[in-house]
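Peer 1: Contents of query05.pdb (PDB, C-alpha atoms and all ligand atoms) are below:
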```pdb
ATOM      1  CA  MET D   1     272.182  97.263  98.133
ATOM      2  CA  ALA D   2     273.311  95.372  94.986
ATOM      3  CA  ALA D   3     270.405  94.293  92.822
ATOM      4  CA  MET D   4     269.370  90.783  91.824
ATOM      5  CA  LEU D   5     268.115  90.016  88.320
ATOM      6  CA  VAL D   6     265.464  87.356  87.735
ATOM      7  CA  THR D   7     265.063  86.157  84.139
ATOM      8  CA  GLY D   8     261.617  84.629  83.653
ATOM      9  CA  GLY D   9     260.462  86.691  86.633
ATOM     10  CA  THR D  10     257.031  87.131  85.027
ATOM     11  CA  GLY D  11     256.536  83.358  84.620
ATOM     12  CA  LYS D  12     254.745  80.755  86.740
ATOM     13  CA  LEU D  13     257.804  80.106  88.888
ATOM     14  CA  GLY D  14     259.322  83.571  88.514
ATOM     15  CA  THR D  15     256.302  85.430  89.875
ATOM     16  CA  PRO D  16     256.354  83.814  93.362
ATOM     17  CA  THR D  17     260.165  83.852  93.366
ATOM     18  CA  VAL D  18     260.290  87.608  92.767
ATOM     19  CA  ALA D  19     257.564  88.145  95.376
ATOM     20  CA  ALA D  20     259.492  86.095  97.962
ATOM     21  CA  LEU D  21     262.783  87.873  97.248
ATOM     22  CA  ARG D  22     261.107  91.272  97.529
ATOM     23  CA  ALA D  23     259.324  90.231 100.729
ATOM     24  CA  ALA D  24     262.764  89.367 102.152
ATOM     25  CA  GLY D  25     263.905  92.914 101.370
ATOM     26  CA  HIS D  26     266.002  92.319  98.247
ATOM     27  CA  ASN D  27     266.300  94.788  95.433
ATOM     28  CA  VAL D  28     265.004  92.725  92.493
ATOM     29  CA  ARG D  29     264.895  93.452  88.771
ATOM     30  CA  VAL D  30     262.603  91.391  86.575
ATOM     31  CA  LEU D  31     263.847  90.857  83.035
ATOM     32  CA  SER D  32     260.988  90.684  80.537
ATOM     33  CA  ARG D  33     260.493  91.168  76.816
ATOM     34  CA  ARG D  34     257.595  93.394  77.769
ATOM     35  CA  THR D  35     257.584  96.928  79.100
ATOM     36  CA  GLY D  36     255.624  97.739  82.211
ATOM     37  CA  ASP D  37     255.632  98.666  85.827
ATOM     38  CA  GLY D  38     258.398  96.856  87.730
ATOM     39  CA  LEU D  39     259.843  95.257  84.567
ATOM     40  CA  THR D  40     263.322  95.684  83.114
ATOM     41  CA  THR D  41     262.879  95.238  79.379
ATOM     42  CA  GLY D  42     265.286  92.906  77.612
ATOM     43  CA  ASN D  43     265.345  89.925  75.297
ATOM     44  CA  LEU D  44     267.713  87.026  75.834
ATOM     45  CA  LEU D  45     267.348  85.907  72.224
ATOM     46  CA  THR D  46     268.400  89.190  70.643
ATOM     47  CA  GLY D  47     270.563  90.347  73.557
ATOM     48  CA  GLU D  48     268.706  93.653  73.565
ATOM     49  CA  GLY D  49     268.710  95.319  76.998
ATOM     50  CA  VAL D  50     270.546  92.452  78.742
ATOM     51  CA  ALA D  51     273.822  94.305  79.504
ATOM     52  CA  ALA D  52     271.895  97.261  80.921
ATOM     53  CA  ALA D  53     269.726  94.927  83.014
ATOM     54  CA  LEU D  54     272.875  93.374  84.537
ATOM     55  CA  ALA D  55     274.533  96.683  85.482
ATOM     56  CA  GLY D  56     274.899  96.863  89.276
ATOM     57  CA  VAL D  57     273.659  93.284  89.737
ATOM     58  CA  ASN D  58     275.440  90.682  91.925
ATOM     59  CA  THR D  59     273.144  87.690  91.605
ATOM     60  CA  VAL D  60     271.163  86.367  88.642
ATOM     61  CA  LEU D  61     268.376  83.789  88.900
ATOM     62  CA  HIS D  62     267.933  82.321  85.425
ATOM     63  CA  LEU D  63     264.368  80.973  85.152
ATOM     64  CA  ALA D  64     263.434  82.141  81.646
ATOM     65  CA  THR D  65     262.332  79.595  79.100
ATOM     66  CA  GLY D  66     261.000  79.985  75.589
ATOM     67  CA  ARG D  67     262.343  79.514  72.095
ATOM     68  CA  ASN D  68     265.999  78.458  71.719
ATOM     69  CA  ASP D  69     266.817  78.322  75.424
ATOM     70  CA  VAL D  70     270.425  77.345  74.758
ATOM     71  CA  GLY D  71     271.020  80.405  72.561
ATOM     72  CA  ALA D  72     269.254  82.649  75.082
ATOM     73  CA  SER D  73     271.341  81.229  77.950
ATOM     74  CA  ARG D  74     274.547  81.637  75.960
ATOM     75  CA  THR D  75     273.759  85.356  75.618
ATOM     76  CA  LEU D  76     273.006  85.647  79.331
ATOM     77  CA  VAL D  77     276.182  83.825  80.406
ATOM     78  CA  ALA D  78     278.399  85.943  78.103
ATOM     79  CA  GLU D  79     276.868  89.186  79.395
ATOM     80  CA  ALA D  80     276.946  87.962  83.012
ATOM     81  CA  ARG D  81     280.658  87.174  82.716
ATOM     82  CA  GLN D  82     281.254  90.613  81.235
ATOM     83  CA  ALA D  83     279.290  92.235  84.066
ATOM     84  CA  GLY D  84     281.258  90.353  86.765
ATOM     85  CA  ILE D  85     278.192  88.586  88.178
ATOM     86  CA  ARG D  86     279.076  86.846  91.455
ATOM     87  CA  HIS D  87     276.367  84.187  91.560
ATOM     88  CA  LEU D  88     274.293  82.653  88.758
ATOM     89  CA  VAL D  89     271.422  80.380  89.855
ATOM     90  CA  PHE D  90     269.947  78.139  87.169
ATOM     91  CA  MET D  91     266.608  76.318  87.349
ATOM     92  CA  SER D  92     266.701  72.886  85.765
ATOM     93  CA  ILE D  93     264.570  69.748  85.762
ATOM     94  CA  VAL D  94     264.980  66.356  87.453
ATOM     95  CA  GLY D  95     266.114  63.701  84.964
ATOM     96  CA  VAL D  96     267.451  65.966  82.209
ATOM     97  CA  ASP D  97     270.448  63.663  81.852
ATOM     98  CA  ALA D  98     268.355  60.480  81.648
ATOM     99  CA  ILE D  99     265.199  61.384  79.714
ATOM    100  CA  PRO D 100     265.887  62.005  76.013
ATOM    101  CA  LEU D 101     263.276  64.744  75.448
ATOM    102  CA  GLY D 102     264.498  67.586  73.201
ATOM    103  CA  TYR D 103     263.587  70.181  75.852
ATOM    104  CA  TYR D 104     265.526  68.233  78.503
ATOM    105  CA  ARG D 105     268.578  67.993  76.257
ATOM    106  CA  GLN D 106     268.517  71.785  76.059
ATOM    107  CA  LYS D 107     268.324  72.067  79.837
ATOM    108  CA  LEU D 108     271.309  69.721  80.183
ATOM    109  CA  ALA D 109     273.288  71.774  77.639
ATOM    110  CA  ILE D 110     272.508  74.916  79.666
ATOM    111  CA  GLU D 111     273.609  73.212  82.903
ATOM    112  CA  GLU D 112     276.943  72.446  81.162
ATOM    113  CA  LEU D 113     277.164  76.020  79.868
ATOM    114  CA  VAL D 114     276.583  77.411  83.358
ATOM    115  CA  SER D 115     278.984  75.042  85.113
ATOM    116  CA  GLY D 116     281.705  75.734  82.519
ATOM    117  CA  SER D 117     281.166  79.496  82.571
ATOM    118  CA  GLY D 118     283.673  80.322  85.301
ATOM    119  CA  ILE D 119     280.895  82.243  87.094
ATOM    120  CA  PRO D 120     280.153  81.009  90.646
ATOM    121  CA  HIS D 121     276.877  79.184  90.177
ATOM    122  CA  THR D 122     274.155  77.021  91.678
ATOM    123  CA  ILE D 123     272.058  74.551  89.702
ATOM    124  CA  LEU D 124     268.755  73.307  91.125
ATOM    125  CA  ARG D 125     266.674  70.584  89.500
ATOM    126  CA  ALA D 126     262.994  70.231  90.405
ATOM    127  CA  THR D 127     260.265  67.800  89.374
ATOM    128  CA  GLN D 128     257.177  68.891  87.385
ATOM    129  CA  PHE D 129     255.113  71.722  88.822
ATOM    130  CA  HIS D 130     251.493  71.068  89.849
ATOM    131  CA  ASN D 131     250.283  73.555  87.247
ATOM    132  CA  LEU D 132     252.064  71.672  84.461
ATOM    133  CA  VAL D 133     250.313  68.425  85.445
ATOM    134  CA  ALA D 134     246.949  70.221  85.655
ATOM    135  CA  GLY D 135     247.691  71.788  82.268
ATOM    136  CA  VAL D 136     248.160  68.355  80.682
ATOM    137  CA  PHE D 137     244.665  67.336  81.815
ATOM    138  CA  ARG D 138     243.135  70.722  81.035
ATOM    139  CA  ALA D 139     244.503  70.601  77.483
ATOM    140  CA  GLN D 140     242.378  67.496  76.853
ATOM    141  CA  ARG D 141     239.091  69.178  77.618
ATOM    142  CA  PHE D 142     237.710  68.551  74.114
ATOM    143  CA  LEU D 143     238.504  64.816  74.164
ATOM    144  CA  PRO D 144     235.794  62.293  75.080
ATOM    145  CA  VAL D 145     238.143  60.537  77.550
ATOM    146  CA  LEU D 146     240.848  61.739  79.916
ATOM    147  CA  LEU D 147     244.201  60.259  78.888
ATOM    148  CA  ALA D 148     246.457  59.434  81.824
ATOM    149  CA  PRO D 149     250.093  58.461  81.214
ATOM    150  CA  THR D 150     250.996  55.099  82.720
ATOM    151  CA  PHE D 151     254.173  56.460  84.355
ATOM    152  CA  SER D 152     254.325  58.231  87.727
ATOM    153  CA  VAL D 153     255.216  61.839  88.530
ATOM    154  CA  GLN D 154     256.057  63.729  91.717
ATOM    155  CA  PRO D 155     254.547  67.175  91.223
ATOM    156  CA  ILE D 156     255.714  70.093  93.340
ATOM    157  CA  ASP D 157     254.234  73.481  94.135
ATOM    158  CA  VAL D 158     255.927  76.503  92.518
ATOM    159  CA  HIS D 159     255.855  78.411  95.819
ATOM    160  CA  GLU D 160     257.986  75.701  97.432
ATOM    161  CA  VAL D 161     260.446  75.774  94.525
ATOM    162  CA  ALA D 162     260.515  79.579  94.806
ATOM    163  CA  ALA D 163     261.336  79.331  98.534
ATOM    164  CA  ARG D 164     264.263  77.022  97.793
ATOM    165  CA  LEU D 165     265.519  79.372  95.062
ATOM    166  CA  VAL D 166     265.467  82.262  97.527
ATOM    167  CA  GLU D 167     267.568  80.234 100.000
ATOM    168  CA  LEU D 168     270.056  79.335  97.282
ATOM    169  CA  ALA D 169     270.292  82.824  95.783
ATOM    170  CA  THR D 170     270.972  84.412  99.147
ATOM    171  CA  THR D 171     273.809  82.063 100.136
ATOM    172  CA  ASP D 172     277.119  81.189  98.488
ATOM    173  CA  ALA D 173     277.257  79.497  95.103
ATOM    174  CA  ALA D 174     277.049  75.738  95.675
ATOM    175  CA  GLY D 175     277.277  74.104  92.233
ATOM    176  CA  ARG D 176     274.734  71.352  91.621
ATOM    177  CA  VAL D 177     272.592  71.033  94.762
ATOM    178  CA  PRO D 178     270.286  68.123  95.695
ATOM    179  CA  ASP D 179     267.230  67.740  93.467
ATOM    180  CA  ILE D 180     263.825  68.589  94.902
ATOM    181  CA  GLY D 181     260.429  66.983  94.318
ATOM    182  CA  GLY D 182     256.883  67.156  95.587
ATOM    183  CA  PRO D 183     255.482  65.266  98.585
ATOM    184  CA  GLU D 184     254.060  62.286  96.686
ATOM    185  CA  GLN D 185     254.991  60.026  93.791
ATOM    186  CA  ARG D 186     251.682  59.455  92.027
ATOM    187  CA  THR D 187     250.578  57.457  89.003
ATOM    188  CA  GLY D 188     249.144  59.340  86.047
ATOM    189  CA  ARG D 189     245.826  57.597  86.656
ATOM    190  CA  ASP D 190     245.729  58.690  90.269
ATOM    191  CA  LEU D 191     246.458  62.318  89.354
ATOM    192  CA  ALA D 192     243.847  62.205  86.576
ATOM    193  CA  ARG D 193     241.292  60.994  89.136
ATOM    194  CA  ALA D 194     242.215  63.859  91.485
ATOM    195  CA  TRP D 195     241.887  66.377  88.657
ATOM    196  CA  ARG D 196     238.544  64.854  87.602
ATOM    197  CA  ASP D 197     237.203  65.084  91.167
ATOM    198  CA  ALA D 198     238.353  68.696  91.555
ATOM    199  CA  THR D 199     236.809  69.844  88.288
ATOM    200  CA  GLY D 200     233.628  67.746  88.385
ATOM    201  CA  SER D 201     234.455  66.078  85.078
ATOM    202  CA  ARG D 202     232.825  62.688  84.473
ATOM    203  CA  ARG D 203     235.010  61.504  81.654
ATOM    204  CA  ARG D 204     236.427  58.010  81.668
ATOM    205  CA  ILE D 205     240.155  57.799  82.383
ATOM    206  CA  ALA D 206     242.058  55.929  79.664
ATOM    207  CA  PRO D 207     245.676  54.809  80.056
ATOM    208  CA  LEU D 208     248.220  56.393  77.714
ATOM    209  CA  ARG D 209     251.273  54.284  76.944
ATOM    210  CA  LEU D 210     253.702  55.211  74.166
ATOM    211  CA  PRO D 211     256.664  53.437  72.583
ATOM    212  CA  GLY D 212     260.109  54.999  72.630
ATOM    213  CA  ALA D 213     263.037  55.863  74.863
ATOM    214  CA  THR D 214     261.450  58.938  76.458
ATOM    215  CA  PHE D 215     258.406  57.067  77.702
ATOM    216  CA  ALA D 216     260.639  54.203  78.879
ATOM    217  CA  ALA D 217     262.828  56.630  80.867
ATOM    218  CA  LEU D 218     259.738  58.185  82.459
ATOM    219  CA  THR D 219     258.358  54.724  83.254
ATOM    220  CA  ALA D 220     261.698  53.894  84.903
ATOM    221  CA  GLY D 221     261.121  56.861  87.240
ATOM    222  CA  HIS D 222     263.980  59.109  86.122
ATOM    223  CA  ASN D 223     261.655  62.117  86.517
ATOM    224  CA  MET D 224     261.372  61.623  90.284
ATOM    225  CA  VAL D 225     263.538  62.077  93.382
ATOM    226  CA  SER D 226     264.157  59.260  95.824
ATOM    227  CA  GLY D 227     264.468  59.769  99.567
ATOM    228  CA  ALA D 228     262.604  62.200 101.796
ATOM    229  CA  PRO D 229     260.463  64.573  99.740
ATOM    230  CA  TYR D 230     261.141  68.314  99.785
ATOM    231  CA  GLY D 231     257.670  69.662  99.004
ATOM    232  CA  HIS D 232     254.624  69.510 101.292
ATOM    233  CA  ARG D 233     251.711  70.836  99.248
ATOM    234  CA  THR D 234     249.843  68.005  97.540
ATOM    235  CA  PHE D 235     248.233  68.054  94.098
ATOM    236  CA  GLU D 236     244.794  68.015  95.747
ATOM    237  CA  GLU D 237     245.682  71.043  97.887
ATOM    238  CA  PHE D 238     246.925  72.835  94.790
ATOM    239  CA  LEU D 239     243.698  71.994  92.914
ATOM    240  CA  ALA D 240     241.572  73.174  95.838
ATOM    241  CA  GLY D 241     243.376  76.547  95.770
ATOM    242  CA  ALA D 242     243.015  76.804  92.010
ATOM    243  CA  GLY D 243     239.328  75.908  92.248
ATOM    244  CA  ALA D 244     238.796  78.691  94.751
ATOM    245  CA  ALA D 245     240.462  81.099  92.323
ATOM    246  CA  ARG D 246     238.058  79.955  89.624
ATOM    247  CA  ARG D 247     234.990  80.504  91.783
ATOM    248  CA  HIS D 248     236.167  84.078  92.345
ATOM    249  CA  PRO D 249     237.545  84.970  88.906
ATOM    250  CA  THR D 250     239.592  88.082  88.456
ATOM    251  CA  GLY D 251     240.154  87.469  84.745
ATOM    252  CA  PRO D 252     238.005  88.263  81.728
ATOM    253  CA  PRO D 253     234.338  87.231  81.328
ATOM    254  CA  ARG D 254     233.553  83.570  80.621
ATOM    255  CA  ALA D 255     232.707  84.246  76.942
ATOM    256  CA  HIS D 256     236.333  85.140  76.342
ATOM    257  CA  ALA D 257     237.790  82.291  78.358
ATOM    258  CA  VAL D 258     239.003  80.190  75.436
ATOM    259  CA  ARG D 259     240.557  83.153  73.652
ATOM    260  CA  TRP D 260     242.105  84.134  76.977
ATOM    261  CA  ARG D 261     243.673  80.734  77.530
ATOM    262  CA  ILE D 262     245.100  80.711  74.019
ATOM    263  CA  GLY D 263     246.411  84.218  74.585
ATOM    264  CA  ARG D 264     248.616  83.025  77.430
ATOM    265  CA  PHE D 265     250.705  81.153  74.889
ATOM    266  CA  LEU D 266     251.151  84.098  72.498
ATOM    267  CA  PRO D 267     254.508  85.886  72.470
ATOM    268  CA  GLY D 268     254.548  89.104  74.534
ATOM    269  CA  SER D 269     254.023  91.542  71.617
ATOM    270  CA  ALA D 270     251.132  89.586  70.052
ATOM    271  CA  ARG D 271     249.562  89.146  73.490
ATOM    272  CA  LYS D 272     249.758  92.875  74.042
ATOM    273  CA  ARG D 273     248.008  93.525  70.723
ATOM    274  CA  ALA D 274     245.329  90.953  71.509
ATOM    275  CA  TYR D 275     244.723  92.189  75.057
ATOM    276  CA  PRO D 276     245.580  95.902  75.156
ATOM    277  CA  GLY D 277     246.112  97.069  78.717
ATOM    278  CA  ASN D 278     245.185  93.706  80.227
ATOM    279  CA  SER D 279     247.375  90.733  79.423
ATOM    280  CA  PRO D 280     246.467  87.146  80.385
ATOM    281  CA  SER D 281     247.658  86.284  83.846
ATOM    282  CA  ASN D 282     250.035  83.492  84.667
ATOM    283  CA  GLY D 283     247.544  82.363  87.291
ATOM    284  CA  ILE D 284     246.320  78.870  87.659
ATOM    285  CA  GLU D 285     243.113  77.887  85.986
ATOM    286  CA  VAL D 286     241.212  74.669  86.393
ATOM    287  CA  THR D 287     238.776  74.088  83.560
ATOM    288  CA  ARG D 288     236.430  71.186  83.225
TER     289      ARG D 288
HETATM  290  N1  LIG J   1     256.984  73.661  84.429
HETATM  291  C1  LIG J   1     257.578  72.706  85.128
HETATM  292  O1  LIG J   1     256.956  71.707  85.519
HETATM  293  C2  LIG J   1     259.058  72.850  85.468
HETATM  294  C3  LIG J   1     259.674  71.900  86.294
HETATM  295  C4  LIG J   1     261.019  72.081  86.644
HETATM  296  C5  LIG J   1     261.718  73.157  86.150
HETATM  297  N2  LIG J   1     261.100  74.054  85.325
HETATM  298  C6  LIG J   1     261.861  75.201  84.831
HETATM  299  O2  LIG J   1     261.437  76.343  85.577
HETATM  300  C7  LIG J   1     261.677  77.512  84.802
HETATM  301  C8  LIG J   1     260.448  78.399  84.836
HETATM  302  O3  LIG J   1     259.360  77.726  84.205
HETATM  303  P1  LIG J   1     257.912  78.415  84.120
HETATM  304  O4  LIG J   1     256.950  77.313  83.909
HETATM  305  O5  LIG J   1     257.744  79.348  85.268
HETATM  306  O6  LIG J   1     258.050  79.270  82.774
HETATM  307  P2  LIG J   1     256.955  80.207  82.118
HETATM  308  O7  LIG J   1     255.803  80.439  83.018
HETATM  309  O8  LIG J   1     256.685  79.655  80.731
HETATM  310  O9  LIG J   1     257.714  81.600  81.941
HETATM  311  C9  LIG J   1     258.672  81.791  80.953
HETATM  312  C10 LIG J   1     259.401  83.085  81.270
HETATM  313  O10 LIG J   1     260.510  83.231  80.370
HETATM  314  C11 LIG J   1     260.570  84.570  79.933
HETATM  315  N3  LIG J   1     261.174  84.576  78.604
HETATM  316  C12 LIG J   1     260.897  83.746  77.577
HETATM  317  N4  LIG J   1     261.655  84.062  76.514
HETATM  318  C13 LIG J   1     262.430  85.117  76.883
HETATM  319  C14 LIG J   1     263.411  85.869  76.214
HETATM  320  N5  LIG J   1     263.757  85.637  74.937
HETATM  321  N6  LIG J   1     264.013  86.894  76.880
HETATM  322  C15 LIG J   1     263.665  87.163  78.169
HETATM  323  N7  LIG J   1     262.742  86.463  78.862
HETATM  324  C16 LIG J   1     262.122  85.453  78.218
HETATM  325  C17 LIG J   1     259.125  85.052  79.927
HETATM  326  O11 LIG J   1     259.117  86.440  80.143
HETATM  327  P3  LIG J   1     258.231  87.505  79.289
HETATM  328  O12 LIG J   1     257.129  86.735  78.614
HETATM  329  O13 LIG J   1     257.747  88.460  80.334
HETATM  330  O14 LIG J   1     259.205  88.108  78.340
HETATM  331  C18 LIG J   1     258.544  84.322  81.141
HETATM  332  O15 LIG J   1     258.735  85.085  82.319
HETATM  333  C19 LIG J   1     262.083  77.027  83.408
HETATM  334  O16 LIG J   1     263.484  77.081  83.295
HETATM  335  C20 LIG J   1     261.615  75.577  83.375
HETATM  336  O17 LIG J   1     262.376  74.781  82.500
HETATM  337  C21 LIG J   1     259.788  73.940  84.987
END
```
Could you write out this file's structure as structure tokens?
Ligand SMILES: NC(=O)c1ccc[n+]([C@@H]2O[C@H](COP(=O)([O-])OP(=O)(O)OC[C@H]3O[C@@H](n4cnc5c(N)ncnc54)[C@H](OP(=O)(O)O)[C@@H]3O)[C@@H](O)[C@H]2O)c1

Peer 2:
Amino acid sequence: MAAMLVTGGTGKLGTPTVAALRAAGHNVRVLSRRTGDGLTTGNLLTGEGVAAALAGVNTVLHLATGRNDVGASRTLVAEARQAGIRHLVFMSIVGVDAIPLGYYRQKLAIEELVSGSGIPHTILRATQFHNLVAGVFRAQRFLPVLLAPTFSVQPIDVHEVAARLVELATTDAAGRVPDIGGPEQRTGRDLARAWRDATGSRRRIAPLRLPGATFAALTAGHNMVSGAPYGHRTFEEFLAGAGAARRHPTGPPRAHAVRWRIGRFLPGSARKRAYPGNSPSNGIEVTR
């Protein structure tokens, strides 16, 4: 059976995507800058290992994100063309063409790169993941108040995005497919309240409103999908699952928790040095 390659297969979205593809019986390679069991080592920024990772592959799911995503994607597309890849699936974000964030501009440039590559492709845009929204609140844990943006978001569960990616990767290339979003469009304040309830925090919620075109585009709702929602799992359900994970920790002892959280953002090699034999998980963590 021809293999599939998942870039970003060790990430928050990649992990459930790889698991779902493997559960469906596909032969999946996971591209990672790291070495380890089940990983195919390669770096999209340097190009190292990418051609070898693509040998014998039919379908590529491109979920990786990091530094210089456009440069990394250019390398992948050039090597994929060379390797005769038959289907390239790219994960993008709802509103990349309407919200002038630097990261979104990069995603749009990659969409254009993929659609102009001559490789049969599928482009899926999704709204923000639940764990990104939780991360925004978690990152404020040292502030006296909980800042809640005044715009709304429509968070979606990564497992539901992963399921859609599996459907798309195992059927014919379809170009840009309909955007997907979570079950509810919720105000920042409402989500902050849900996060506060789930974590037991008592901090006051303060509205965060910023000037500028990006905030205006978010306030106009360009980050959300109209019509019937795709996702089913609510933010509260996500938080309840994450809370259960916290009550039964599999990670390091509490004393190391802060260092551990910081470690998740270190590049692979530094993370390996900091946590020999036991790197920070990509799991969800809800911290008061
Ligand atoms: N977060 C959201 O709310 C959201 C919403 C919609 C769409 N998306 C998109 O979904 C995708 C996945 O996001 P995520 O949150 O799951 O990402 P993530 O957890 O930050 O994972 C990033 C992945 O990229 C890989 N990577 C980074 N640089 C690399 C390089 N130079 N060469 C090879 N691999 C590299 C990492 O692999 P190693 O560390 O193992 O090398 C890791 O698996 C992204 O394209 C993102 O833009 C995200």

Peer 1: Looking at only C-alpha atoms and all ligand atoms, which of D:Met1, D:Ala80, D:Leu45, D:Val225 is the one that sits closest to ligand LIG 1 (chain J)?

Peer 2: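 Among D:Met1, D:Ala80, D:Leu45, D:Val225, it is D:Leu45 that comes nearest to ligand LIG 1 (chain J).
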
Peer 1: Would you kindly translate the PyMOL selection byres (((chain D and resi 123) around 10) and not hetatm) into the concrete residues it picks from this file, as a list in words?

Peer 2: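 What the PyMOL selection byres (((chain D and resi 123) around 10) and not hetatm) grabs from the file is Leu61, His62, Leu88, Val89, Phe90, Met91, Ser92, Ile93, Glu111, Val114, Ser115, His121, Thr122, Leu124, Arg125, Leu165, Leu168, Ala173, Ala174, Gly175, Arg176, Val177, Pro178 and Asp179 of chain D.
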
Peer 1: Taking into account all atoms listed in the file, which residue in the set D:Thr17, D:Thr187, D:Ser201, D:Gln128 is nearest to Leu143 of chain D?

Peer 2: D:Ser201

Peer 1: Please write out, as AutoDock Vina command-line options, where the centre of an axis-aligned box around all listed atoms of segment 216-235 of chain D lies and how long its edges are, in Å to one decimal, after adding 6 Å on each side.

Peer 2:
```
--center_x 256.4 --center_y 62.4 --center_z 90.3 --size_x 28.2 --size_y 28.9 --size_z 34.9
```

Peer 1: Return as a ChimeraX atom specification the set of residues that the PyMOL selection byres (((chain D and resi 95) around 8) and not hetatm) yields on the displayed structure.

Peer 2: /D:93-94,96-99,104,222-224

Peer 1: Go through D:Ile110, D:Val18, D:Val6, D:Leu13 one by one, measure the shortest atom-to-atom distance of each to ligand LIG 1 (chain J) using all atoms listed in the file, and give the residue with the smallest value.

Peer 2: D:Leu13

Peer 1: Any chance you could resolve the PyMOL selection byres (((chain D and resi 16) around 12) and not hetatm) against this file and give the residues as a count of residues only?

Peer 2: 30

Peer 1: At what distance in Å, to one decimal, does atom CA of Ala220 of chain D lie from atom CA of Phe151 of chain D?

Peer 2: 8.0 Å

Peer 1: Using all atoms listed in the file, find the one residue out of D:Pro120, D:Gly188, D:Pro183, D:Gly49 that sits nearest to ligand LIG 1 (chain J).

Peer 2: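 Of D:Pro120, D:Gly188, D:Pro183, D:Gly49, the one nearest ligand LIG 1 (chain J) is D:Gly49, counting all atoms listed in the file.
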
Peer 1: Nearest to Leu239 of chain D: which of D:Leu146, D:Val153, D:Ile180, D:Ala134 is it, counting only C-alpha atoms?

Peer 2: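 The answer is D:Ala134, which sits nearest to Leu239 of chain D.
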
Peer 1: At what distance in Å, to one decimal, does atom CA of Ala24 of chain D lie from atom CA of Ala51 of chain D?

Peer 2: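 According to the coordinates, atom CA of Ala51 of chain D and atom CA of Ala24 of chain D are separated by 25.7 Å.
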
Peer 1: Ranking D:Ser152, D:Val50, D:Asn27, D:Leu147 by minimum distance to Ala217 of chain D and counting only C-alpha atoms, which one comes first?

Peer 2: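 Looking only at the distances to Ala217 of chain D, the closest residue turns out to be D:Ser152.
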
Peer 1: Hey, what's within 12 Å of Leu113 of chain D if we count only C-alpha atoms and toss same-chain stuff fewer than 2 positions away? As a list in words, please?

Peer 2: Asp69, Val70, Gly71, Ala72, Ser73, Arg74, Thr75, Leu76, Val77, Ala78, Leu88, Phe90, Gln106, Lys107, Leu108, Ala109, Ile110, Glu111, Ser115, Gly116, Ser117, Gly118, Ile119, His121 and Ile123 of chain D

Peer 1: Using only C-alpha atoms, determine which residues lie at most 10 Å from Pro149 of chain D, disregarding the query and same-chain residues fewer than 4 positions distant; provide the list as a list in words.

Peer 2: Val153, Thr187, Gly188, Arg189, Leu191, Ala192, Ala206, Pro207, Leu208, Arg209, Leu210, Phe215, Leu218 and Thr219 of chain D

Peer 1: For atom CA of Ala198 of chain D and atom CA of Val133 of chain D, determine how far apart the two atoms are, in Å to one decimal place.

Peer 2: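 Spanning atom CA of Ala198 of chain D to atom CA of Val133 of chain D is a straight-line distance of 13.4 Å.
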